[in-house]
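Visitor: My file is final-v4.txt. It has compact mmCIF, C-alpha atoms and all ligand atoms:
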# COMPACT_ATOMS: atom_id res chain seq x y z
CA MET A 1 85.13 -34.30 -89.07
CA PRO A 2 84.76 -31.19 -86.91
CA GLN A 3 81.31 -29.96 -85.98
CA LEU A 4 80.51 -26.98 -88.23
CA SER A 5 77.07 -26.10 -86.88
CA VAL A 6 76.75 -22.92 -84.86
CA GLN A 7 74.05 -21.54 -82.59
CA LEU A 8 73.42 -17.80 -82.34
CA ASN A 9 70.78 -17.71 -79.60
CA ARG A 10 67.62 -18.92 -81.39
CA LEU A 11 69.30 -19.08 -84.82
CA LYS A 12 70.90 -22.42 -85.66
CA LEU A 13 73.05 -22.73 -88.78
CA ALA A 14 74.52 -25.88 -90.33
CA ASN A 15 77.78 -23.98 -90.75
CA PRO A 16 78.96 -20.40 -90.15
CA ILE A 17 79.43 -19.31 -93.80
CA LEU A 18 76.58 -17.11 -95.05
CA VAL A 19 76.25 -14.97 -98.16
CA ALA A 20 75.54 -11.30 -97.47
CA SER A 21 72.45 -9.40 -98.48
CA GLY A 22 72.73 -7.54 -101.77
CA THR A 23 75.59 -9.68 -103.06
CA PHE A 24 73.71 -12.82 -104.06
CA GLY A 25 70.51 -11.40 -105.57
CA TYR A 26 67.63 -13.75 -104.84
CA ALA A 27 69.97 -16.72 -105.46
CA ARG A 28 68.44 -17.82 -108.80
CA GLU A 29 71.23 -16.20 -110.80
CA MET A 30 73.82 -18.08 -108.73
CA ALA A 31 72.34 -21.56 -109.27
CA ALA A 32 74.84 -22.47 -112.00
CA PHE A 33 77.80 -21.80 -109.69
CA VAL A 34 76.73 -22.95 -106.24
CA ASP A 35 75.36 -26.02 -104.50
CA PHE A 36 73.19 -23.94 -102.16
CA LYS A 37 72.70 -26.64 -99.55
CA GLN A 38 76.42 -26.52 -98.72
CA LEU A 39 76.10 -22.91 -97.50
CA GLY A 40 75.37 -21.94 -93.92
CA GLY A 41 72.62 -19.70 -95.29
CA ILE A 42 71.54 -17.11 -97.81
CA ILE A 43 70.49 -13.56 -97.05
CA PRO A 44 68.60 -12.15 -100.04
CA LYS A 45 68.67 -8.48 -101.07
CA THR A 46 67.05 -6.08 -98.60
CA LEU A 47 63.28 -5.78 -98.99
CA THR A 48 61.25 -2.65 -98.39
CA ALA A 49 57.52 -2.22 -97.80
CA ALA A 50 57.00 -0.92 -101.36
CA PRO A 51 59.04 -1.63 -104.51
CA ARG A 52 61.97 0.77 -105.08
CA ILE A 53 63.89 1.59 -108.24
CA GLY A 54 66.98 2.69 -106.34
CA ASN A 55 69.43 5.52 -106.95
CA PRO A 56 70.48 7.10 -110.28
CA PRO A 57 73.44 5.49 -112.13
CA PRO A 58 76.33 4.98 -111.97
CA ARG A 59 75.66 2.94 -108.84
CA THR A 60 78.92 1.06 -108.45
CA VAL A 61 82.56 1.96 -108.90
CA GLU A 62 85.68 -0.01 -108.09
CA ALA A 63 88.05 1.65 -105.63
CA SER A 64 91.49 0.37 -104.72
CA SER A 65 90.86 -2.90 -102.88
CA GLY A 66 87.17 -2.25 -102.57
CA LEU A 67 83.85 -1.53 -104.18
CA LEU A 68 81.72 1.56 -103.72
CA ASN A 69 77.98 1.14 -104.21
CA SER A 70 75.02 3.47 -104.05
CA ILE A 71 72.29 1.03 -105.11
CA GLY A 72 69.67 2.66 -102.91
CA LEU A 73 67.70 -0.46 -101.97
CA ASP A 74 66.51 -1.30 -105.46
CA ASN A 75 64.07 -4.19 -104.83
CA ASP A 76 60.65 -5.61 -105.78
CA GLY A 77 59.06 -4.93 -102.40
CA ILE A 78 58.13 -7.43 -99.71
CA ASP A 79 54.78 -8.53 -101.20
CA ALA A 80 56.21 -9.48 -104.60
CA PHE A 81 59.08 -11.27 -102.83
CA LEU A 82 56.75 -13.31 -100.65
CA ALA A 83 54.50 -14.15 -103.60
CA LYS A 84 57.14 -14.94 -106.24
CA THR A 85 60.52 -15.67 -104.66
CA LEU A 86 60.34 -16.99 -101.12
CA ASP A 87 59.09 -20.48 -102.08
CA TYR A 88 62.01 -20.88 -104.46
CA LEU A 89 64.47 -19.90 -101.72
CA LEU A 90 62.87 -22.15 -99.13
CA GLY A 91 63.34 -25.08 -101.51
CA LEU A 92 67.13 -24.64 -101.55
CA GLU A 93 67.74 -26.64 -98.35
CA THR A 94 69.76 -23.92 -96.66
CA ALA A 95 68.86 -21.33 -94.03
CA ILE A 96 67.07 -18.34 -95.54
CA ILE A 97 67.44 -15.14 -93.53
CA VAL A 98 65.14 -12.43 -94.87
CA ASN A 99 66.60 -8.91 -94.75
CA ILE A 100 64.18 -5.98 -94.37
CA ALA A 101 64.46 -2.18 -94.13
CA GLY A 102 61.58 -0.01 -92.97
CA ARG A 103 61.36 3.78 -93.12
CA ASN A 104 59.87 3.75 -89.64
CA THR A 105 59.17 1.26 -86.85
CA GLU A 106 55.68 0.51 -88.19
CA GLU A 107 57.07 -0.58 -91.55
CA PHE A 108 59.64 -2.83 -89.87
CA VAL A 109 56.88 -4.35 -87.71
CA GLN A 110 54.47 -4.87 -90.63
CA MET A 111 57.14 -6.52 -92.77
CA ALA A 112 58.35 -8.69 -89.87
CA ALA A 113 54.79 -9.87 -89.23
CA LYS A 114 54.39 -10.84 -92.90
CA VAL A 115 57.69 -12.74 -93.00
CA GLY A 116 56.94 -14.32 -89.61
CA GLN A 117 53.97 -16.17 -91.11
CA HIS A 118 56.46 -18.29 -93.05
CA LYS A 119 57.77 -20.60 -90.37
CA GLN A 120 60.50 -22.17 -92.51
CA VAL A 121 62.31 -18.82 -92.73
CA ALA A 122 65.40 -19.16 -90.49
CA GLY A 123 65.58 -15.56 -89.33
CA LEU A 124 65.13 -11.88 -90.02
CA GLU A 125 68.00 -9.49 -90.54
CA LEU A 126 67.07 -5.86 -89.89
CA ASN A 127 68.93 -3.51 -92.18
CA ILE A 128 69.21 -0.46 -89.94
CA SER A 129 72.40 0.57 -91.67
CA CYS A 130 71.91 1.36 -95.38
CA PRO A 131 74.13 4.34 -96.17
CA ASN A 132 72.47 5.08 -99.52
CA VAL A 133 68.88 6.11 -98.78
CA SER A 134 67.52 9.04 -96.88
CA GLY A 135 66.94 7.97 -93.28
CA GLY A 136 68.63 4.60 -94.00
CA VAL A 137 70.95 4.78 -91.02
CA ASP A 138 68.64 6.62 -88.61
CA PHE A 139 67.82 3.46 -86.67
CA GLY A 140 71.41 2.31 -86.67
CA THR A 141 72.94 5.51 -85.33
CA ASP A 142 70.65 6.08 -82.34
CA PRO A 143 70.77 3.42 -79.60
CA ARG A 144 67.21 4.22 -78.48
CA LEU A 145 65.79 3.75 -81.99
CA ALA A 146 67.86 0.62 -82.57
CA ALA A 147 66.48 -0.89 -79.36
CA GLU A 148 62.92 0.13 -80.21
CA VAL A 149 62.92 -1.45 -83.64
CA VAL A 150 64.49 -4.69 -82.36
CA SER A 151 62.05 -5.07 -79.47
CA GLN A 152 58.99 -4.26 -81.58
CA VAL A 153 60.04 -6.68 -84.30
CA ARG A 154 60.54 -9.35 -81.63
CA ASN A 155 57.00 -8.73 -80.41
CA ALA A 156 55.63 -8.91 -83.94
CA CYS A 157 57.09 -12.27 -84.95
CA ASP A 158 58.73 -15.39 -83.53
CA LEU A 159 61.70 -15.56 -85.89
CA PRO A 160 65.27 -15.03 -84.66
CA VAL A 161 66.24 -11.38 -85.15
CA ILE A 162 69.62 -10.12 -86.33
CA ALA A 163 70.44 -6.41 -86.35
CA LYS A 164 72.79 -5.37 -89.16
CA LEU A 165 74.76 -2.40 -87.92
CA THR A 166 76.51 0.50 -89.57
CA PRO A 167 80.16 1.32 -88.94
CA ASN A 168 79.38 4.99 -89.66
CA VAL A 169 79.00 5.86 -85.97
CA THR A 170 81.32 6.85 -83.16
CA SER A 171 80.56 3.73 -81.13
CA VAL A 172 79.27 0.54 -82.74
CA VAL A 173 79.59 -0.97 -79.25
CA GLU A 174 76.88 1.36 -77.95
CA ILE A 175 74.44 0.41 -80.73
CA ALA A 176 75.25 -3.31 -80.42
CA GLN A 177 74.63 -3.12 -76.66
CA ALA A 178 71.24 -1.48 -77.23
CA ALA A 179 70.25 -4.08 -79.85
CA ALA A 180 71.36 -6.93 -77.57
CA GLU A 181 69.46 -5.61 -74.56
CA ALA A 182 66.35 -5.26 -76.74
CA GLY A 183 66.55 -8.95 -77.59
CA ALA A 184 68.53 -9.25 -80.82
CA ASP A 185 69.66 -12.86 -81.29
CA ALA A 186 72.78 -11.61 -83.06
CA VAL A 187 74.33 -8.56 -84.67
CA SER A 188 75.88 -8.42 -88.15
CA LEU A 189 79.01 -6.30 -88.20
CA VAL A 190 79.33 -4.35 -90.45
CA ASN A 191 77.46 -2.74 -93.32
CA THR A 192 79.44 -0.53 -95.70
CA PHE A 193 81.55 2.52 -94.84
CA GLN A 194 80.47 5.80 -96.40
CA GLY A 195 82.90 6.89 -99.09
CA MET A 196 83.09 8.63 -102.44
CA ALA A 197 84.92 8.56 -105.75
CA ILE A 198 85.78 11.65 -107.82
CA ASP A 199 86.50 12.19 -111.51
CA TRP A 200 88.67 15.23 -110.91
CA ARG A 201 89.06 16.21 -114.60
CA ARG A 202 85.31 16.59 -114.90
CA ARG A 203 85.12 17.99 -111.36
CA LYS A 204 82.33 15.47 -110.74
CA PRO A 205 81.53 12.68 -108.31
CA ILE A 206 81.47 9.31 -110.08
CA LEU A 207 78.43 7.89 -108.31
CA GLY A 208 75.02 9.27 -109.29
CA ASN A 209 74.20 9.56 -105.61
CA VAL A 210 77.60 11.24 -104.89
CA ILE A 211 78.25 9.14 -101.77
CA GLY A 212 78.27 5.37 -101.56
CA GLY A 213 79.12 2.49 -99.27
CA LEU A 214 82.61 0.97 -99.39
CA SER A 215 82.99 -2.80 -99.08
CA GLY A 216 85.63 -5.40 -99.93
CA PRO A 217 89.20 -6.01 -98.74
CA ALA A 218 89.74 -2.28 -98.09
CA ILE A 219 87.45 -2.49 -95.04
CA LYS A 220 88.61 -5.82 -93.58
CA PRO A 221 90.90 -4.40 -90.88
CA LEU A 222 88.19 -1.90 -89.88
CA ALA A 223 85.52 -4.58 -89.67
CA LEU A 224 87.83 -6.91 -87.71
CA ARG A 225 88.53 -4.16 -85.19
CA ILE A 226 84.80 -3.51 -84.72
CA VAL A 227 84.00 -7.22 -84.34
CA TRP A 228 86.72 -7.56 -81.73
CA GLN A 229 85.62 -4.45 -79.81
CA VAL A 230 81.97 -5.54 -79.73
CA ALA A 231 82.94 -9.10 -78.75
CA GLN A 232 84.88 -7.71 -75.79
CA ALA A 233 82.12 -5.41 -74.61
CA VAL A 234 78.73 -6.95 -75.45
CA ASN A 235 77.26 -10.36 -74.71
CA VAL A 236 75.73 -11.05 -78.14
CA PRO A 237 76.64 -13.45 -80.95
CA ILE A 238 78.35 -11.66 -83.85
CA ILE A 239 78.20 -12.30 -87.57
CA GLY A 240 81.35 -10.77 -89.09
CA ILE A 241 81.29 -9.11 -92.52
CA GLY A 242 83.91 -7.05 -94.31
CA GLY A 243 86.21 -8.01 -97.14
CA ILE A 244 86.40 -11.75 -96.52
CA GLN A 245 88.11 -13.43 -99.49
CA SER A 246 89.89 -16.47 -98.06
CA ILE A 247 89.77 -19.04 -95.28
CA ASP A 248 92.45 -17.06 -93.45
CA ASP A 249 90.08 -14.08 -93.42
CA VAL A 250 87.31 -16.31 -92.03
CA MET A 251 89.61 -17.55 -89.25
CA GLU A 252 90.61 -13.99 -88.35
CA PHE A 253 86.96 -12.99 -87.88
CA LEU A 254 86.18 -16.10 -85.81
CA ILE A 255 89.20 -15.59 -83.59
CA ALA A 256 88.26 -11.92 -83.15
CA GLY A 257 84.92 -13.09 -81.75
CA ALA A 258 82.48 -13.71 -84.62
CA THR A 259 80.41 -16.92 -84.43
CA ALA A 260 79.56 -16.77 -88.14
CA VAL A 261 80.58 -14.69 -91.15
CA GLN A 262 79.02 -13.29 -94.29
CA ILE A 263 80.73 -13.27 -97.67
CA GLY A 264 79.76 -10.10 -99.54
CA THR A 265 81.69 -8.32 -102.27
CA ALA A 266 83.76 -11.44 -103.06
CA ASN A 267 80.58 -13.12 -104.43
CA PHE A 268 80.66 -10.70 -107.38
CA TYR A 269 84.13 -11.91 -108.34
CA ASN A 270 83.76 -15.58 -107.40
CA PRO A 271 80.22 -16.83 -106.73
CA GLY A 272 81.61 -20.24 -105.70
CA LEU A 273 83.81 -18.82 -102.95
CA ALA A 274 81.41 -19.20 -100.00
CA GLN A 275 80.85 -22.87 -100.76
CA GLN A 276 84.60 -23.45 -101.12
CA LEU A 277 85.19 -21.77 -97.75
CA VAL A 278 82.87 -24.26 -96.04
CA THR A 279 85.10 -27.12 -97.23
CA GLU A 280 88.24 -25.25 -96.29
CA LEU A 281 86.87 -24.43 -92.83
CA SER A 282 86.35 -28.11 -92.12
CA GLU A 283 89.92 -28.86 -93.25
CA ILE A 284 91.52 -26.07 -91.25
CA LEU A 285 89.61 -26.93 -88.06
CA THR A 286 90.83 -30.52 -88.41
CA GLU A 287 94.39 -29.28 -88.90
CA GLN A 288 94.01 -27.08 -85.82
CA ASN A 289 92.68 -30.01 -83.74
CA CYS A 290 89.36 -28.27 -83.16
CA GLN A 291 86.23 -30.36 -82.57
CA SER A 292 83.89 -27.50 -83.42
CA VAL A 293 83.74 -23.90 -84.64
CA GLY A 294 83.14 -22.87 -81.04
CA ASP A 295 86.69 -23.99 -80.17
CA ILE A 296 88.07 -21.12 -82.23
CA VAL A 297 85.56 -18.30 -81.65
CA GLY A 298 86.98 -15.44 -79.59
CA THR A 299 90.34 -17.11 -78.96
CA LEU A 300 92.43 -14.05 -79.79
CA GLN A 301 95.21 -13.67 -77.25
CA ILE A 302 96.25 -10.17 -76.38
CA PRO A 303 99.83 -10.04 -75.08
CA ALA A 304 100.00 -8.80 -71.49
O1 LIG A 401 76.11 -0.66 -99.05
C1 LIG A 401 74.91 -0.91 -99.03
N1 LIG A 401 74.20 -0.80 -100.16
N2 LIG A 401 74.32 -1.30 -97.89
C2 LIG A 401 73.00 -1.52 -97.80
O2 LIG A 401 72.52 -1.79 -96.73
C3 LIG A 401 72.16 -1.43 -98.97
C4 LIG A 401 72.86 -1.27 -100.26
C5 LIG A 401 72.02 -0.40 -101.18
O3 LIG A 401 70.99 -0.90 -101.67
O4 LIG A 401 72.35 0.76 -101.39
What would you get if you wrote out this structure as structure tokens?
Guide:
Amino acid sequence: MPQLSVQLNRLKLANPILVASGTFGYAREMAAFVDFKQLGGIIPKTLTAAPRIGNPPPRTVEASSGLLNSIGLDNDGIDAFLAKTLDYLLGLETAIIVNIAGRNTEEFVQMAAKVGQHKQVAGLELNISCPNVSGGVDFGTDPRLAAEVVSQVRNACDLPVIAKLTPNVTSVVEIAQAAAEAGADAVSLVNTFQGMAIDWRRRKPILGNVIGGLSGPAIKPLALRIVWQVAQAVNVPIIGIGGIQSIDDVMEFLIAGATAVQIGTANFYNPGLAQQLVTELSEILTEQNCQSVGDIVGTLQIPA
């Protein structure tokens, strides 16, 4: 049996298959479909300092080969989560990575300090890349702000820190470099691409918020390219996200340079997929004569 565990600086995972924030709720609703302890980890929906009701409907629309969403960080707020949901998640025998979004550095720091009191939490993912709220991508589009929030969160708590980055910038490499230098244990690449859908007969945008974030198979080649570029340029472990639907997709991200992956949009269509991919990863690594996931990470060969 190949070794499936992976180490991303201070973050250790039993295997590299995670479920992405916002696509798995707070896990309860998935219990009928998934044996949670088989997963590499669960990243619950982004939490904010105060509860939010999110954006006006419609908030999702299917595009060709993808899904547009403009949820707008609808969530119960960090305090309700810590009081009512975290214990349930920590009982699931898988790594729980809490995802937070602050409107400013202070909010990130305050939330990180609260989560940091719960030592069984595996890590913190900083959502500095939400395309659907005002100011949501401010931290993820300015290398100085990205570095500031990462370093202050690191000072505020001892948990491993992952920065989730937006592709809606000229250079993801520049932001990833800043996050890495500030002490991020890993970067998640990528959040959704800004897009829109139009009902031309009504001359109206379909989404209530006009613009949304595109995810799913439509973005896989874009996400792969970004993972590969960052892997070439920055010394930081990468968690690849973007349209993964099969074990072949997982292998492509690993070979491009990701140490772990997140399954996102596909969870809405097949909640059991992530668990199935863990089994298939073990089989394919055996077939490829690999002793561990590390044997495959970053092995893309570019012809001379
Ligand atoms: O596409 C996204 N939608 N990315 C996020 O980070 C948050 C989410 C939302 O709540 O709008």
Visitor: Which value, in Å to one decimal, gives the distance between atom CA of Ala258 of chain A and atom CA of Ile239 of chain A?
Guide: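 Atom CA of Ile239 of chain A lies at a distance of 5.4 Å from atom CA of Ala258 of chain A.
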Visitor: Let me have the centre and edge lengths in Å, one decimal, of the box along x, y and z around every listed atom of segment 199-217 of chain A with 8 Å of margin on each side, as AutoDock Vina command-line options.
Guide:
--center_x 81.7 --center_y 6.0 --center_z -106.8 --size_x 31.0 --size_y 40.0 --size_z 32.2
Visitor: What's around Leu159 of chain A at 8 Å? Count all atoms listed in the file, leave out sequence neighbours fewer than 3 positions away in its own chain, and write the answer as an MDAnalysis selection string.
Guide: chainID A and resid 116 119 121:124 154
Visitor: Got time to write the residues from that selection, C-alpha atoms, as a compact mmCIF listing (two decimals), in the frame of the given file?
Guide:
# COMPACT_ATOMS: atom_id res chain seq x y z
CA GLY A 116 56.94 -14.32 -89.61
CA LYS A 119 57.77 -20.60 -90.37
CA VAL A 121 62.31 -18.82 -92.73
CA ALA A 122 65.40 -19.16 -90.49
CA GLY A 123 65.58 -15.56 -89.33
CA LEU A 124 65.13 -11.88 -90.02
CA ARG A 154 60.54 -9.35 -81.63
Visitor: Give the answer as one residue: which of A:Asn168, A:Ile206, A:Ala260, A:Phe268 has the shortest atom-to-atom distance to Leu222 of chain A, using all atoms listed in the file?
Guide: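 Answer, going by the shortest atom-to-atom distance: A:Asn168.
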Visitor: What residues of the protein or nucleic acid chains come within 7 Å of ligand LIG 401 (chain A) when you use only C-alpha atoms and all ligand atoms? Reply as a list in words.
Guide: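 What falls inside 7 Å of ligand LIG 401 (chain A) is Gly22, Thr46, Asn69, Ser70, Ile71, Gly72, Leu73, Asp74, Asn127, Ser129, Cys130, Pro131, Asn132, Val133, Asn191, Thr192, Gly212, Gly213 and Leu214 of chain A.
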Visitor: So, counting all atoms listed in the file, which residue among A:Leu165, A:Val149, A:Val230, A:Ala101 is closest to Gly136 of chain A?
Guide: A:Ala101
Visitor: How would segment 153-166 of chain A look written as a short mmCIF file (atom, residue, chain, number, x, y, z; two decimals), in the first residue's frame with N, CA and C atoms?
Guide:
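And here's selection_18.cif as it stands now:
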data_model
loop_
_atom_site.label_atom_id
_atom_site.label_comp_id
_atom_site.auth_asym_id
_atom_site.auth_seq_id
_atom_site.Cartn_x
_atom_site.Cartn_y
_atom_site.Cartn_z
N VAL A 153 -1.87 36.80 11.44
CA VAL A 153 -2.60 35.60 11.87
C VAL A 153 -1.62 34.60 12.49
N ARG A 154 -0.45 34.49 11.90
CA ARG A 154 0.55 33.57 12.47
C ARG A 154 0.93 33.98 13.88
N ASN A 155 1.02 35.30 14.11
CA ASN A 155 1.35 35.77 15.46
C ASN A 155 0.22 35.51 16.44
N ALA A 156 -1.02 35.49 15.92
CA ALA A 156 -2.18 35.41 16.80
C ALA A 156 -2.55 33.99 17.19
N CYS A 157 -2.07 33.00 16.45
CA CYS A 157 -2.41 31.62 16.82
C CYS A 157 -1.34 30.66 16.31
N ASP A 158 -1.34 29.45 16.88
CA ASP A 158 -0.30 28.47 16.56
C ASP A 158 -0.68 27.50 15.45
N LEU A 159 -1.89 27.64 14.92
CA LEU A 159 -2.33 26.66 13.91
C LEU A 159 -1.62 26.88 12.58
N PRO A 160 -1.45 25.81 11.80
CA PRO A 160 -0.95 25.98 10.43
C PRO A 160 -1.87 26.92 9.64
N VAL A 161 -1.28 27.75 8.82
CA VAL A 161 -2.05 28.77 8.08
C VAL A 161 -1.94 28.54 6.58
N ILE A 162 -3.10 28.48 5.95
CA ILE A 162 -3.17 28.32 4.48
C ILE A 162 -3.80 29.59 3.92
N ALA A 163 -3.22 30.16 2.90
CA ALA A 163 -3.84 31.33 2.24
C ALA A 163 -4.53 30.85 0.98
N LYS A 164 -5.85 31.12 0.89
CA LYS A 164 -6.59 30.75 -0.32
C LYS A 164 -6.63 31.94 -1.25
N LEU A 165 -6.06 31.75 -2.43
CA LEU A 165 -5.80 32.89 -3.32
C LEU A 165 -6.78 32.98 -4.47
N THR A 166 -6.94 34.21 -4.95
CA THR A 166 -7.82 34.46 -6.08
C THR A 166 -7.04 34.37 -7.39
#
